[in-house]
$ cat final-v7.cif   # mmCIF, C-alpha atoms
data_final
#
loop_
_atom_site.label_atom_id
_atom_site.label_comp_id
_atom_site.auth_asym_id
_atom_site.auth_seq_id
_atom_site.Cartn_x
_atom_site.Cartn_y
_atom_site.Cartn_z
CA MET A 8 -17.49 -36.99 -9.93
CA GLY A 9 -14.34 -39.08 -10.11
CA LEU A 10 -12.14 -40.19 -7.27
CA LEU A 11 -9.61 -37.45 -8.02
CA ASP A 12 -12.27 -34.76 -7.77
CA TYR A 13 -13.20 -36.08 -4.35
CA PHE A 14 -9.68 -35.52 -3.07
CA ARG A 15 -9.51 -32.15 -4.74
CA THR A 16 -12.60 -30.84 -2.98
CA THR A 17 -11.45 -31.99 0.45
CA ARG A 18 -8.23 -30.05 0.20
CA PRO A 19 -8.78 -26.41 1.21
CA LYS A 20 -8.24 -23.91 -1.56
CA SER A 21 -4.98 -22.02 -1.18
CA ALA A 22 -6.74 -18.63 -1.31
CA HIS A 23 -8.78 -19.68 1.70
CA VAL A 24 -5.64 -20.67 3.59
CA ALA A 25 -4.07 -17.32 2.66
CA LYS A 26 -7.06 -15.41 4.00
CA GLU A 27 -7.07 -17.26 7.31
CA ARG A 28 -3.34 -16.81 7.82
CA LEU A 29 -3.60 -13.11 7.02
CA GLN A 30 -6.55 -12.51 9.32
CA ILE A 31 -4.69 -13.99 12.28
CA LEU A 32 -1.42 -12.25 11.48
CA VAL A 33 -2.91 -8.83 10.80
CA ALA A 34 -5.02 -8.90 13.97
CA HIS A 35 -1.92 -9.76 15.98
CA GLU A 36 0.27 -7.11 14.34
CA ARG A 37 -2.35 -4.40 14.77
CA LYS A 38 -2.44 -5.09 18.49
CA MET A 39 1.32 -4.84 18.71
CA GLN A 40 1.44 -1.53 16.89
CA GLY A 41 2.43 1.21 19.26
CA ALA A 42 3.14 -1.30 22.02
CA PRO A 43 6.34 -0.68 23.99
CA SER A 44 9.43 -2.30 22.52
CA TYR A 45 10.28 -4.01 25.82
CA LEU A 46 7.32 -6.41 25.56
CA PRO A 47 9.13 -9.34 23.88
CA GLN A 48 12.00 -9.14 26.38
CA MET A 49 9.58 -8.92 29.29
CA GLN A 50 7.69 -11.91 27.94
CA LYS A 51 10.95 -13.89 27.87
CA GLU A 52 11.88 -12.92 31.41
CA LEU A 53 8.43 -13.65 32.80
CA LEU A 54 8.58 -17.04 31.18
CA ALA A 55 11.97 -17.68 32.80
CA VAL A 56 10.55 -16.81 36.23
CA ILE A 57 7.52 -19.05 35.77
CA ARG A 58 9.75 -21.91 34.67
CA LYS A 59 11.38 -21.86 38.11
CA TYR A 60 8.10 -23.11 39.50
CA ALA A 61 6.26 -24.85 36.70
CA ASP A 62 7.09 -26.67 33.52
CA VAL A 63 5.46 -24.54 30.82
CA ASP A 64 5.85 -24.33 27.04
CA ASP A 65 7.18 -21.37 25.10
CA ASP A 66 3.70 -20.56 23.86
CA ALA A 67 2.13 -20.81 27.32
CA ILE A 68 2.41 -17.08 27.81
CA SER A 69 0.75 -14.32 25.83
CA ILE A 70 1.01 -10.62 26.46
CA GLN A 71 -1.41 -8.09 25.08
CA MET A 72 -1.46 -4.37 25.21
CA GLU A 73 -4.76 -2.57 25.02
CA GLN A 74 -5.20 1.13 24.80
CA ASP A 75 -8.12 3.40 25.33
CA ASP A 76 -8.30 7.13 25.88
CA GLU A 77 -7.52 7.06 29.57
CA ARG A 78 -5.14 4.21 30.14
CA GLU A 79 -3.03 1.39 28.77
CA ILE A 80 -3.84 -2.10 29.92
CA LEU A 81 -1.24 -4.83 29.89
CA GLU A 82 -2.81 -8.25 29.89
CA VAL A 83 -0.66 -11.28 30.67
CA ASN A 84 -2.09 -14.72 30.12
CA ILE A 85 -0.25 -17.79 31.32
CA VAL A 86 -1.48 -21.28 30.73
CA LEU A 87 -0.16 -23.51 33.52
CA PRO A 88 0.46 -27.21 32.88
CA ASP A 89 -2.40 -29.61 33.24
CA ASP A 90 -2.55 -30.66 36.89
CA GLY A 91 -5.81 -32.47 36.62
CA THR A 92 -8.03 -29.43 36.48
CA GLY A 93 -6.61 -28.10 33.22
CA LYS A 94 -7.48 -24.60 34.31
CA LYS A 95 -6.33 -21.51 32.51
CA PHE A 96 -5.22 -18.91 35.01
CA ASP A 97 -5.51 -15.28 34.23
CA THR A 98 -2.76 -13.69 36.24
CA GLY A 99 -4.54 -10.41 36.26
CA ARG A 100 -4.19 -7.00 34.80
CA VAL A 101 -1.61 -4.43 35.66
CA GLN A 102 -1.39 -0.82 34.69
CA PRO A 103 2.07 0.33 33.71
CA GLY A 104 3.29 3.82 34.41
CA MET B 11 -4.04 24.69 -2.92
CA ALA B 12 -3.37 21.28 -4.35
CA ARG B 13 -4.43 17.94 -2.92
CA ILE B 14 -1.32 15.91 -2.18
CA ILE B 15 -1.77 12.22 -3.01
CA VAL B 16 0.76 9.58 -1.96
CA VAL B 17 0.92 6.29 -3.84
CA THR B 18 2.34 3.80 -1.38
CA SER B 19 2.38 0.10 -0.48
CA GLY B 20 5.17 -0.96 1.84
CA LYS B 21 6.12 -3.85 -0.41
CA GLY B 22 8.09 -3.33 -3.61
CA GLY B 23 7.06 -4.38 -7.07
CA VAL B 24 3.30 -4.18 -6.58
CA GLY B 25 2.75 -1.36 -9.07
CA LYS B 26 3.29 1.94 -7.23
CA THR B 27 5.11 3.70 -10.04
CA THR B 28 2.75 2.30 -12.69
CA THR B 29 -0.14 3.58 -10.57
CA ALA B 30 1.43 6.98 -9.87
CA ALA B 31 2.06 7.46 -13.61
CA ALA B 32 -1.44 6.28 -14.54
CA MET B 33 -3.20 8.39 -11.90
CA ALA B 34 -1.16 11.47 -12.80
CA MET B 35 -1.84 11.12 -16.52
CA GLY B 36 -5.49 10.27 -15.80
CA LEU B 37 -6.02 13.40 -13.70
CA ALA B 38 -4.15 15.57 -16.22
CA LEU B 39 -6.30 14.22 -19.07
CA ARG B 40 -9.35 15.23 -17.07
CA GLY B 41 -8.08 18.79 -17.19
CA TYR B 42 -6.42 19.12 -13.80
CA ARG B 43 -2.97 20.63 -13.48
CA THR B 44 -1.02 17.72 -12.08
CA SER B 45 2.55 17.09 -11.03
CA VAL B 46 4.05 13.75 -10.08
CA VAL B 47 7.12 13.54 -7.84
CA ASP B 48 9.48 10.56 -7.65
CA PHE B 49 10.56 9.96 -4.03
CA ASP B 50 12.67 6.91 -4.87
CA VAL B 51 15.99 8.73 -4.58
CA GLY B 52 18.83 6.56 -5.88
CA LEU B 53 16.51 4.19 -7.75
CA ARG B 54 14.44 6.51 -9.88
CA ASN B 55 12.12 4.90 -12.39
CA LEU B 56 9.16 7.19 -12.78
CA ASP B 57 11.03 8.99 -15.58
CA LEU B 58 11.26 5.70 -17.51
CA ILE B 59 7.61 4.80 -16.98
CA MET B 60 6.63 8.33 -18.08
CA GLY B 61 8.98 8.15 -21.07
CA CYS B 62 10.96 11.30 -20.22
CA GLU B 63 14.23 9.71 -19.03
CA ARG B 64 16.32 11.55 -21.60
CA ARG B 65 14.97 14.95 -20.64
CA VAL B 66 16.07 14.89 -16.99
CA VAL B 67 18.43 17.79 -16.23
CA TYR B 68 17.78 18.78 -12.62
CA ASP B 69 16.05 16.65 -10.00
CA PHE B 70 14.11 16.73 -6.71
CA ILE B 71 17.30 16.83 -4.59
CA ASN B 72 18.70 19.75 -6.62
CA VAL B 73 15.50 21.64 -5.83
CA ILE B 74 15.62 20.70 -2.13
CA ASN B 75 19.24 21.89 -1.96
CA GLN B 76 18.30 25.03 -3.93
CA GLU B 77 20.80 24.22 -6.68
CA ALA B 78 17.96 24.59 -9.16
CA ASN B 79 14.47 26.01 -8.98
CA LEU B 80 11.30 24.05 -9.57
CA ARG B 81 10.72 25.58 -12.97
CA GLN B 82 14.10 24.25 -14.13
CA ALA B 83 13.58 20.78 -12.70
CA LEU B 84 9.96 20.07 -13.69
CA ILE B 85 9.61 18.18 -16.98
CA ARG B 86 6.51 18.95 -18.99
CA ASP B 87 4.84 15.87 -20.42
CA LYS B 88 4.83 15.81 -24.24
CA ARG B 89 1.42 14.19 -24.49
CA CYS B 90 -0.48 16.28 -21.99
CA ASP B 91 0.20 19.96 -21.24
CA ASN B 92 -1.30 19.73 -17.76
CA LEU B 93 1.22 17.17 -16.55
CA TYR B 94 4.67 17.76 -15.06
CA ILE B 95 7.21 15.28 -13.68
CA LEU B 96 9.73 15.95 -10.93
CA PRO B 97 12.34 13.19 -11.18
CA ALA B 98 14.30 11.78 -8.26
CA SER B 99 18.07 12.01 -8.11
CA GLN B 100 19.80 8.87 -9.33
CA THR B 101 23.18 9.56 -7.73
CA ARG B 102 22.13 10.35 -4.17
CA ASP B 103 20.37 8.31 -1.49
CA LYS B 104 17.29 8.81 0.66
CA GLU B 105 19.28 10.68 3.31
CA ALA B 106 19.43 13.61 0.90
CA LEU B 107 15.70 14.10 1.54
CA SER B 108 14.89 16.35 4.48
CA LYS B 109 11.50 16.92 6.05
CA GLU B 110 11.79 20.69 5.71
CA GLY B 111 13.10 20.48 2.14
CA VAL B 112 10.32 18.14 1.03
CA GLY B 113 7.75 20.33 2.78
CA ARG B 114 9.05 23.43 1.01
CA VAL B 115 8.97 21.83 -2.45
CA LEU B 116 5.49 20.36 -1.93
CA GLU B 117 4.21 23.71 -0.73
CA GLU B 118 5.56 25.44 -3.81
CA LEU B 119 4.03 22.75 -6.06
CA SER B 120 0.73 23.12 -4.22
CA ARG B 121 0.50 26.73 -5.32
CA ASP B 122 0.75 25.90 -9.02
CA PHE B 123 -1.08 22.59 -9.29
CA ASP B 124 -4.45 21.02 -8.54
CA TYR B 125 -2.92 17.66 -7.67
CA VAL B 126 0.56 16.65 -6.53
CA ILE B 127 1.18 12.90 -6.67
CA CYS B 128 4.00 11.48 -4.55
CA ASP B 129 5.37 8.20 -5.88
CA SER B 130 6.69 6.47 -2.76
CA PRO B 131 9.64 4.09 -2.69
CA ALA B 132 9.13 0.63 -1.18
CA GLY B 133 9.83 0.08 2.50
CA ILE B 134 8.94 2.17 5.52
CA GLU B 135 12.19 4.12 5.82
CA LYS B 136 12.94 7.77 5.19
CA GLY B 137 11.89 7.98 1.52
CA ALA B 138 8.55 6.25 2.10
CA TYR B 139 8.02 8.19 5.32
CA LEU B 140 8.55 11.58 3.68
CA ALA B 141 6.46 10.61 0.63
CA MET B 142 3.42 10.07 2.89
CA TYR B 143 4.16 12.68 5.58
CA TYR B 144 2.51 15.68 3.89
CA ALA B 145 -0.24 13.74 2.09
CA ASP B 146 -3.95 14.58 2.09
CA ASP B 147 -4.95 11.37 0.32
CA ALA B 148 -3.30 7.98 0.04
CA VAL B 149 -3.62 5.31 -2.60
CA VAL B 150 -2.48 2.07 -0.97
CA VAL B 151 -1.48 -0.38 -3.70
CA SER B 152 -1.63 -4.10 -3.00
CA ASN B 153 -1.58 -7.34 -4.93
CA PRO B 154 -3.95 -10.15 -3.93
CA GLU B 155 -1.07 -11.94 -2.25
CA VAL B 156 -0.21 -12.47 1.42
CA SER B 157 3.03 -10.50 1.84
CA SER B 158 1.71 -7.55 -0.10
CA VAL B 159 -1.52 -7.40 1.95
CA ARG B 160 0.42 -7.65 5.21
CA ASP B 161 2.75 -4.81 4.20
CA ALA B 162 -0.22 -2.73 3.05
CA ASP B 163 -1.78 -3.15 6.50
CA ARG B 164 1.46 -1.99 8.11
CA MET B 165 1.52 1.04 5.83
CA ILE B 166 -2.11 1.86 6.71
CA GLY B 167 -1.04 1.93 10.38
CA ILE B 168 1.83 4.28 9.55
CA LEU B 169 -0.45 6.61 7.54
CA ALA B 170 -2.78 6.82 10.53
CA SER B 171 -0.11 7.51 13.13
CA LYS B 172 2.98 9.13 11.57
CA SER B 173 1.71 11.65 9.03
CA ARG B 174 1.68 15.40 9.48
CA ARG B 175 -2.09 15.29 9.75
CA ALA B 176 -1.83 12.70 12.54
CA GLU B 177 0.82 14.73 14.37
CA LEU B 178 -1.24 17.91 14.22
CA GLY B 179 -4.44 16.09 15.17
CA GLU B 180 -6.07 17.15 11.89
CA GLU B 181 -8.51 15.12 9.84
CA PRO B 182 -6.67 11.90 8.94
CA ILE B 183 -5.29 11.10 5.49
CA LYS B 184 -8.07 9.82 3.24
CA GLU B 185 -7.06 6.32 2.26
CA HIS B 186 -8.02 4.32 -0.82
CA LEU B 187 -7.19 0.77 -1.76
CA LEU B 188 -6.07 -0.13 -5.26
CA LEU B 189 -5.79 -3.83 -5.94
CA THR B 190 -3.43 -4.58 -8.82
CA ARG B 191 -2.44 -7.67 -10.85
CA TYR B 192 -5.83 -9.21 -10.20
CA SER B 193 -6.67 -12.40 -12.00
CA PRO B 194 -10.42 -13.19 -11.85
CA ARG B 195 -9.78 -16.60 -13.37
CA ARG B 196 -7.42 -17.60 -10.55
CA VAL B 197 -9.77 -16.13 -7.94
CA GLU B 198 -12.60 -18.28 -9.26
CA LYS B 199 -10.38 -21.35 -9.05
CA GLY B 200 -9.65 -20.54 -5.40
CA GLU B 201 -5.99 -19.85 -6.13
CA MET B 202 -5.97 -16.13 -5.39
CA LEU B 203 -7.40 -13.88 -2.67
CA SER B 204 -10.57 -12.21 -3.92
CA VAL B 205 -11.37 -8.49 -3.78
CA ASP B 206 -13.75 -9.22 -0.93
CA ASP B 207 -11.10 -11.18 1.00
CA VAL B 208 -8.64 -8.28 0.78
CA LEU B 209 -11.32 -5.72 1.65
CA GLU B 210 -12.33 -7.76 4.68
CA ILE B 211 -8.75 -7.70 5.95
CA LEU B 212 -7.72 -4.15 5.08
CA ALA B 213 -11.11 -2.43 5.46
CA LEU B 214 -10.42 0.49 3.11
CA PRO B 215 -12.69 1.98 0.45
CA LEU B 216 -11.90 0.39 -2.90
CA LEU B 217 -10.61 2.80 -5.53
CA GLY B 218 -10.22 0.17 -8.20
CA VAL B 219 -9.12 -3.27 -9.29
CA ILE B 220 -6.50 -3.41 -12.01
CA PRO B 221 -6.46 -6.75 -13.78
CA GLU B 222 -3.23 -8.61 -14.48
CA SER B 223 -2.56 -7.37 -17.98
CA GLN B 224 0.00 -7.60 -20.74
CA ALA B 225 -0.73 -3.97 -21.48
CA VAL B 226 1.19 -2.86 -18.37
CA LEU B 227 4.50 -4.32 -19.56
CA THR B 228 3.93 -3.08 -23.10
CA ALA B 229 3.23 0.41 -21.76
CA SER B 230 6.37 0.45 -19.61
CA ASN B 231 8.43 -0.86 -22.55
CA GLU B 232 7.33 2.18 -24.52
CA GLY B 233 7.42 4.76 -21.71
CA LEU B 234 3.70 5.32 -22.03
CA PRO B 235 1.49 5.53 -18.92
CA VAL B 236 -0.97 2.66 -19.35
CA VAL B 237 -4.05 4.92 -19.14
CA LEU B 238 -3.12 6.17 -22.59
CA ASP B 239 -3.82 2.68 -23.92
CA GLU B 240 -7.57 3.20 -23.99
CA LYS B 241 -8.26 -0.20 -25.50
CA SER B 242 -6.49 -2.14 -22.77
CA ASP B 243 -8.27 -3.57 -19.72
CA ALA B 244 -5.68 -2.10 -17.35
CA GLY B 245 -5.90 1.31 -19.03
CA GLN B 246 -9.68 1.35 -18.67
CA ALA B 247 -9.47 0.14 -15.07
CA TYR B 248 -7.11 3.02 -14.23
CA ARG B 249 -9.43 5.51 -15.94
CA ASP B 250 -12.27 4.19 -13.78
CA ALA B 251 -10.09 4.53 -10.67
CA VAL B 252 -9.34 8.18 -11.53
CA SER B 253 -13.06 8.84 -12.03
CA ARG B 254 -13.85 7.26 -8.66
CA TYR B 255 -11.13 9.35 -7.05
CA LEU B 256 -12.89 12.41 -8.47
CA GLY B 257 -16.11 11.30 -6.81
CA GLU B 258 -17.92 9.44 -9.58
CA GLU B 259 -19.64 6.20 -8.70
CA LEU B 260 -18.79 3.49 -11.17
CA PRO B 261 -19.30 -0.27 -10.97
CA HIS B 262 -16.08 -2.27 -10.67
CA ARG B 263 -15.12 -3.97 -13.91
CA PHE B 264 -12.65 -6.77 -14.64
CA ILE B 265 -13.35 -8.61 -11.39
CA HIS B 266 -15.27 -11.50 -12.91
CA HIS B 267 -13.84 -14.09 -15.21
CA GLU B 268 -15.55 -14.06 -18.56
CA LYS B 269 -15.81 -17.56 -19.86
CA LYS B 270 -15.12 -17.70 -23.53
CA GLY B 271 -17.45 -19.65 -25.76
CA LEU B 272 -16.15 -22.06 -28.35
CA PHE B 273 -15.90 -19.29 -30.89
CA GLY B 274 -13.94 -17.08 -28.51
CA ARG B 275 -11.63 -19.91 -27.57
CA LEU B 276 -10.89 -20.66 -31.21
CA PHE B 277 -10.45 -17.13 -32.45
CA GLY B 278 -10.06 -14.95 -29.39
CA GLY B 279 -6.78 -13.52 -28.20
#

$ encode --input "final-v7.cif" --output "structure tokens"
Amino acid sequence: MGLLDYFRTTRPKSAHVAKERLQILVAHERKMQGAPSYLPQMQKELLAVIRKYADVDDDAISIQMEQDDEREILEVNIVLPDDGTGKKFDTGRVQPG
Amino acid sequence: MARIIVVTSGKGGVGKTTTAAAMAMGLALRGYRTSVVDFDVGLRNLDLIMGCERRVVYDFINVINQEANLRQALIRDKRCDNLYILPASQTRDKEALSKEGVGRVLEELSRDFDYVICDSPAGIEKGAYLAMYYADDAVVVSNPEVSSVRDADRMIGILASKSRRAELGEEPIKEHLLLTRYSPRRVEKGEMLSVDDVLEILALPLLGVIPESQAVLTASNEGLPVVLDEKSDAGQAYRDAVSRYLGEELPHRFIHHEKKGLFGRLFGG
């Protein structure tokens, strides 16, 4: 095996990269299907409120909608800045409607 | 009553019309009375792929608007008596399609045929929506490529939630995946998503894998559905797909790269 082959094998194959990107994207988009259209706006506003009190990044908040036969569950996750404990707070679950 | 099959994908250019033409001809050759309807109003192309572009007099929109009856608008295929084509209108747009009108025409076709194939336009707007709305079965066409797989997944969601069957709470549309433009050589080099990769993401039963093939362009040049080219890899792969659709269990061909020996490399095509 030559030196070039060594570098070639360490670089991930593009098909593998494609598969990983798709798996993440498709899982995300499936979750968002049928979710209310106000979610992105709500996410923005929640982030604005949190920023009044803590310095958080744009990607510090994630909102997920889950649905089963009886109810819809809105899950909001906010990662607060590292204050020594580095804890991830789950702000809890609310039921809309 | 006919089975209504939609050929759909979300993304354009993945081989919907090629597939609709091939499936329609394949089913007709197997003895089933088959009609194939072009839903791409304003950008019709099924007539070209089927080689009947100079025989179009009336179209789908004329029938919906009751300016012509089905008998006048259907074009009988010259190579197979069981096959009829209903062309789209080239001068109108998708807004000329109405849910009631499409439903009426499909119902009338269902009385006379065993299979009605709906060739969907790209996108998820009105034309694509109405092409899938009344379907019993769906053939979701995808290439082993990221944007095409993503759009196929979106379309699978739409089939499950927006069809007539979904609205009425009936048994859902039976979906099948058809992977087209597959290159086993590139898959083996790690340059292309494999059949298994795509199946893992889309989780649909596999109807067939159509290899990337020169025969497809040659067939469209000549207005000949590629299934009629029995010697070609793509033609054979489509025949297999039709057989699987009809319930036969066949192994998938053309998914492994055949390495040519020295002799093949020197003299092979």

$ closest_residue --input "final-v7.cif" --among "B:Ile71, B:Leu216, B:Met11, B:Ala162" --to "Ala132 in chain B" --atoms "all atoms listed in the file"
B:Ala162

$ closest_residue --input "final-v7.cif" --among "B:Gly167, B:Gly245, B:Pro182, B:Pro97" --to "chain A" --atoms "all atoms listed in the file"
B:Gly167

$ resolve_selection --input "final-v7.cif" --expression "the PyMOL selection byres ((chain A and resi 25-41) around 7)" --output "PyMOL selection string"
(chain A and resi 21-24+42-43+72) or (chain B and resi 156+160+203+207+211)

$ interface_residues --input "final-v7.cif" --of "chain B" --to "chain A" --cutoff "10 Å" --atoms "only C-alpha atoms" --output "PyMOL selection string"
chain B and resi 154-157+159-161+163-164+167-168+171+196-204+207-208+210-212

$ atom_distance --input "final-v7.cif" --atom1 "CA of Arg102 in chain B" --atom2 "CA of Gly52 in chain B"
5.3 Å

$ decode --input "final-v7.cif" --residues "range 21-39 of chain A" --atoms "N, CA and C atoms" --output "CSV table (one decimal), in the first residue's frame"
chain,number,residue,atom,x,y,z
A,21,SER,N,-17.7,9.3,-0.1
A,21,SER,CA,-18.7,10.3,-0.2
A,21,SER,C,-20.1,9.7,0.0
A,22,ALA,N,-20.3,8.4,-0.5
A,22,ALA,CA,-21.6,7.8,-0.3
A,22,ALA,C,-22.0,7.6,1.2
A,23,HIS,N,-20.9,7.4,2.0
A,23,HIS,CA,-21.1,7.2,3.4
A,23,HIS,C,-21.6,8.6,4.0
A,24,VAL,N,-20.9,9.7,3.6
A,24,VAL,CA,-21.3,11.0,4.0
A,24,VAL,C,-22.7,11.3,3.6
A,25,ALA,N,-23.1,10.9,2.4
A,25,ALA,CA,-24.4,11.2,1.9
A,25,ALA,C,-25.5,10.5,2.8
A,26,LYS,N,-25.2,9.2,3.1
A,26,LYS,CA,-26.1,8.5,3.9
A,26,LYS,C,-26.3,9.1,5.3
A,27,GLU,N,-25.2,9.5,5.9
A,27,GLU,CA,-25.3,10.1,7.3
A,27,GLU,C,-26.1,11.4,7.2
A,28,ARG,N,-25.8,12.2,6.2
A,28,ARG,CA,-26.5,13.5,6.1
A,28,ARG,C,-28.0,13.3,5.9
A,29,LEU,N,-28.3,12.3,5.1
A,29,LEU,CA,-29.7,12.0,4.8
A,29,LEU,C,-30.5,11.5,6.0
A,30,GLN,N,-29.8,10.6,6.7
A,30,GLN,CA,-30.5,10.0,7.9
A,30,GLN,C,-30.8,11.1,8.9
A,31,ILE,N,-29.9,12.0,9.1
A,31,ILE,CA,-30.2,13.1,10.1
A,31,ILE,C,-31.3,14.0,9.6
A,32,LEU,N,-31.2,14.4,8.3
A,32,LEU,CA,-32.2,15.3,7.7
A,32,LEU,C,-33.6,14.7,7.6
A,33,VAL,N,-33.7,13.4,7.2
A,33,VAL,CA,-35.0,12.8,7.0
A,33,VAL,C,-35.7,12.6,8.4
A,34,ALA,N,-34.9,12.2,9.4
A,34,ALA,CA,-35.4,12.0,10.7
A,34,ALA,C,-36.0,13.3,11.2
A,35,HIS,N,-35.3,14.4,11.0
A,35,HIS,CA,-35.7,15.7,11.4
A,35,HIS,C,-37.0,16.2,10.7
A,36,GLU,N,-37.0,16.0,9.4
A,36,GLU,CA,-38.1,16.4,8.5
A,36,GLU,C,-39.4,15.6,8.8
A,37,ARG,N,-39.2,14.3,9.1
A,37,ARG,CA,-40.4,13.5,9.5
A,37,ARG,C,-41.0,14.0,10.7
A,38,LYS,N,-40.2,14.4,11.7
A,38,LYS,CA,-40.8,14.9,12.9
A,38,LYS,C,-41.6,16.2,12.7
A,39,MET,N,-41.1,17.0,11.8
A,39,MET,CA,-41.7,18.3,11.6
A,39,MET,C,-43.0,18.2,10.7
